[in-house]
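Okay, entry-v7.txt now, which holds compact mmCIF, C-alpha atoms:
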# COMPACT_ATOMS: atom_id res chain seq x y z
CA PRO A 1 -1.35 28.90 -8.38
CA ILE A 2 2.11 27.98 -7.05
CA ALA A 3 2.23 28.69 -3.30
CA GLU A 4 5.92 27.81 -2.74
CA MET A 5 8.95 28.14 -5.02
CA ARG A 6 9.94 24.52 -4.41
CA SER A 7 6.64 23.41 -6.01
CA LEU A 8 7.43 25.08 -9.34
CA PRO A 9 9.96 22.55 -10.77
CA ARG A 10 7.59 19.63 -10.12
CA PHE A 11 4.64 21.51 -11.63
CA VAL A 12 6.65 22.32 -14.75
CA ALA A 13 7.98 18.75 -15.02
CA GLU A 14 4.43 17.36 -14.89
CA THR A 15 3.17 19.71 -17.63
CA LYS A 16 3.17 18.49 -21.22
CA VAL A 17 5.99 19.76 -23.47
CA GLY A 18 4.65 22.28 -25.98
CA LYS A 19 1.78 23.47 -23.78
CA ARG A 20 1.24 27.24 -23.63
CA VAL A 21 0.86 28.39 -20.03
CA LYS A 22 -0.09 31.65 -18.35
CA VAL A 23 2.55 32.95 -15.93
CA GLU A 24 1.93 35.83 -13.55
CA VAL A 25 5.08 37.63 -12.34
CA TRP A 26 5.92 40.80 -10.43
CA ARG A 27 7.70 43.54 -12.37
CA LYS A 28 8.33 47.03 -11.02
CA GLY A 29 5.91 46.52 -8.14
CA ARG A 30 2.95 45.26 -10.15
CA SER A 31 1.57 42.00 -11.48
CA VAL A 32 2.25 41.24 -15.15
CA THR A 33 0.79 38.30 -17.09
CA LEU A 34 3.08 36.53 -19.55
CA TYR A 35 2.61 33.44 -21.70
CA ALA A 36 5.23 30.75 -22.14
CA THR A 37 5.39 27.58 -24.17
CA LEU A 38 7.06 24.79 -22.22
CA GLY A 39 10.00 23.03 -23.81
CA GLU A 40 12.63 20.46 -22.94
CA PHE A 41 16.19 20.99 -21.82
CA PRO A 42 18.44 20.54 -24.83
CA LYS A 43 20.42 17.33 -24.82
CA ALA A 44 23.93 18.19 -23.71
CA LYS A 45 27.06 16.20 -24.30
CA PRO A 46 27.81 14.21 -21.16
CA LEU A 47 30.63 15.62 -19.08
CA ARG A 48 33.69 13.37 -19.30
CA ARG A 49 35.43 12.05 -16.23
CA THR A 50 38.74 10.27 -16.15
CA ARG A 51 39.83 7.62 -13.67
CA ALA A 52 42.53 9.97 -12.36
CA HIS A 53 39.85 12.59 -11.68
CA GLU A 54 37.65 9.99 -10.00
CA LYS A 55 40.43 8.96 -7.60
CA LYS A 56 41.40 12.57 -6.91
CA LYS A 57 37.85 13.74 -6.21
CA ASP A 58 37.18 11.03 -3.63
CA LYS A 59 40.22 12.06 -1.57
CA GLU A 60 39.36 15.76 -1.40
CA LYS A 61 37.51 16.62 1.82
CA SER A 62 37.10 20.32 1.05
CA VAL A 63 37.49 22.27 -2.20
CA ASN A 64 37.12 25.82 -3.47
CA VAL A 65 35.29 26.20 -6.77
CA LEU A 66 33.31 29.09 -8.33
CA GLY A 67 33.83 31.12 -5.15
CA LEU A 68 32.35 28.34 -3.01
CA THR A 69 34.08 26.36 -0.27
CA LEU A 70 32.53 22.89 -0.25
CA ALA A 71 32.68 19.98 2.21
CA VAL A 72 30.95 16.69 2.91
CA ILE A 73 28.33 17.10 5.65
CA ASN A 74 29.58 15.73 8.96
CA ASP A 75 28.38 16.07 12.57
CA GLU A 76 30.35 19.28 13.17
CA LEU A 77 28.84 20.93 10.06
CA ARG A 78 25.36 19.59 10.92
CA ASN A 79 25.62 21.37 14.30
CA ARG A 80 27.19 24.54 12.87
CA PHE A 81 24.47 25.01 10.24
CA LYS A 82 21.63 23.51 12.34
CA LEU A 83 20.85 20.73 9.85
CA ASN A 84 18.63 17.72 10.54
CA LYS A 85 20.46 14.66 11.83
CA GLY A 86 19.94 12.63 8.62
CA THR A 87 20.97 15.39 6.21
CA LYS A 88 23.68 14.22 3.81
CA GLY A 89 25.40 15.69 0.81
CA ILE A 90 27.80 18.44 -0.16
CA ILE A 91 27.48 21.61 1.91
CA ILE A 92 28.64 25.11 1.10
CA THR A 93 30.69 26.30 4.07
CA ASP A 94 31.74 29.67 2.64
CA VAL A 95 30.85 31.95 -0.28
CA LYS A 96 33.41 34.40 -1.64
CA ASN A 97 32.15 37.99 -1.96
CA ASN A 98 31.46 39.13 -5.54
CA SER A 99 31.54 35.55 -6.84
CA PRO A 100 28.88 34.22 -9.25
CA ALA A 101 27.40 32.29 -6.29
CA SER A 102 27.16 35.34 -4.02
CA GLU A 103 25.49 37.29 -6.86
CA LYS A 104 22.82 34.54 -6.99
CA GLY A 105 22.14 34.73 -3.24
CA ILE A 106 23.75 31.41 -2.30
CA THR A 107 24.77 31.38 1.36
CA PRO A 108 26.86 29.16 3.64
CA GLY A 109 24.79 26.23 4.88
CA SER A 110 23.22 25.63 1.48
CA ILE A 111 23.44 22.09 0.10
CA ILE A 112 24.31 21.12 -3.47
CA ARG A 113 21.99 18.32 -4.56
CA ASN A 114 22.61 17.97 -8.32
CA ILE A 115 24.65 19.60 -11.08
CA GLY A 116 24.33 20.01 -14.85
CA VAL A 117 21.60 19.69 -17.43
CA GLU A 118 21.51 15.97 -16.61
CA GLN A 119 21.21 16.89 -12.90
CA LYS A 120 23.92 14.48 -11.74
CA ARG A 121 23.99 13.80 -8.02
CA VAL A 122 27.33 14.76 -6.50
CA SER A 123 29.00 12.58 -3.89
CA SER A 124 32.06 14.58 -2.87
CA PRO A 125 33.46 18.12 -3.10
CA GLY A 126 35.95 16.79 -5.65
CA SER A 127 33.14 15.57 -7.89
CA VAL A 128 31.84 19.16 -8.04
CA ARG A 129 35.30 20.35 -9.10
CA VAL A 130 35.47 17.64 -11.81
CA LEU A 131 32.06 18.64 -13.23
CA VAL A 132 33.03 22.34 -13.25
CA GLU A 133 36.35 21.57 -14.98
CA SER A 134 34.56 19.39 -17.56
CA ALA A 135 32.02 22.14 -18.25
CA ARG A 136 34.83 24.65 -18.74
CA LYS A 137 36.62 22.29 -21.14
CA ALA A 138 33.35 21.92 -23.06
CA LYS A 139 33.35 25.75 -23.29
CA ARG A 140 30.09 26.10 -21.41
CA LYS A 141 29.33 29.56 -20.04
CA SER A 142 27.35 28.38 -17.02
CA LEU A 143 26.48 25.28 -15.05
CA LEU A 144 23.08 24.45 -13.53
CA PHE A 145 23.01 23.60 -9.81
CA LEU A 146 20.10 22.31 -7.74
CA ILE A 147 20.62 24.02 -4.37
CA GLU A 148 18.73 23.35 -1.14
CA GLN A 149 18.68 26.47 0.98
CA GLY A 150 16.49 27.20 4.00
CA GLY A 151 14.32 24.13 3.40
CA SER A 152 13.56 25.03 -0.23
CA SER A 153 15.18 23.80 -3.42
CA ARG A 154 15.92 25.98 -6.42
CA PHE A 155 17.83 25.77 -9.67
CA VAL A 156 20.71 28.22 -10.01
CA ALA A 157 22.84 28.71 -13.13
CA LEU A 158 26.35 29.72 -12.05
CA ARG A 159 28.55 31.56 -14.50
CA LEU A 160 31.82 29.77 -15.25
CA SER A 161 34.53 32.41 -15.29
CA LYS A 162 37.72 31.83 -17.22
CA ASP A 163 39.72 32.28 -14.00
CA LYS A 164 40.56 29.19 -12.02
CA ASP A 165 39.24 29.19 -8.46
Let me see the file written as structure tokens.
Amino acid sequence: PIAEMRSLPRFVAETKVGKRVKVEVWRKGRSVTLYATLGEFPKAKPLRRTRAHEKKKDKEKSVNVLGLTLAVINDELRNRFKLNKGTKGIIITDVKNNSPASEKGITPGSIIRNIGVEQKRVSSPGSVRVLVESARKAKRKSLLFLIEQGGSSRFVALRLSKDKD
């Protein structure tokens, strides 16, 4: 049994590829048993970054992308969102209504840990923008984010709209 959602990714990662597992889920107010065969993420083409993008991303302190306003965690944001003193990373300071992120339940104060199939660690708000732009150029429909929210981590696939943010 998985007691907490944040335990699920580790449990799955430690299970052998190809193993058939029993999964119990809630559907329409009742427990339903399903069976799944575990597989691997498909190998994706690496997202390309240019030197111009690298320089640009490091200078951006705050960006808007996919309906999210992102910033580097600083003391003011740590206090505002009641984060632990040592917490570092890229924080979501605002979520636009009706955006793909709001539809997935992402809220201000959540932290972006990693992005993409390769789960690349992001170091600045600009690096998030670069990865989103690269995914759009590669004609991907969504991008996988590892989000820390309320002390738990979860994977969220955000839809990449054709509109620029």
*Given the choices A:Pro108, A:Gln119, A:Glu148, A:Arg129, which gets closest to A:Lys88 if the distance is worked out from all atoms listed in the file?*
A:Glu148
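One distance worth recording is that between atom CA of A:Thr87 and atom CA of A:Ile111, which is 9.4 Å.
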*Hey, what's within 10 Å of A:Asn97 if we count all atoms listed in the file and toss same-chain stuff fewer than 5 positions away? As a VMD selection string, please?*
chain A and resid 67 to 68 102 to 103
*Between A:Asn74, A:Gly86, A:Val65, A:Asn114, which one has atoms that come closest to A:Arg159, using only C-alpha atoms?*
A:Val65
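In this model, the gap between atom CA of A:Ala71 and atom CA of A:Gly150 comes to 17.8 Å.
The two atoms in question, atom CA of A:Gly29 and atom CA of A:Glu4, are spaced 19.5 Å apart.
When all atoms listed in the file are used to compute distances to A:Ser134, the closest of the residues A:Pro9, A:Gly116, A:Gly151, A:Gly39 turns out to be A:Gly116.
Of the listed residues (A:Lys19, A:Lys104, A:Lys85, A:Arg121), A:Arg121 comes nearest to A:Leu146; the distances count all atoms listed in the file.
Distance check against A:Phe145 using all atoms listed in the file: of A:Ile73, A:Val95, A:Leu160, A:Ile112, the minimum falls on A:Ile112.
Candidate residues A:Asp94, A:Glu76, A:Glu24, A:Glu40 were compared for distance to A:Ile2, and the nearest is A:Glu24, using only C-alpha atoms.
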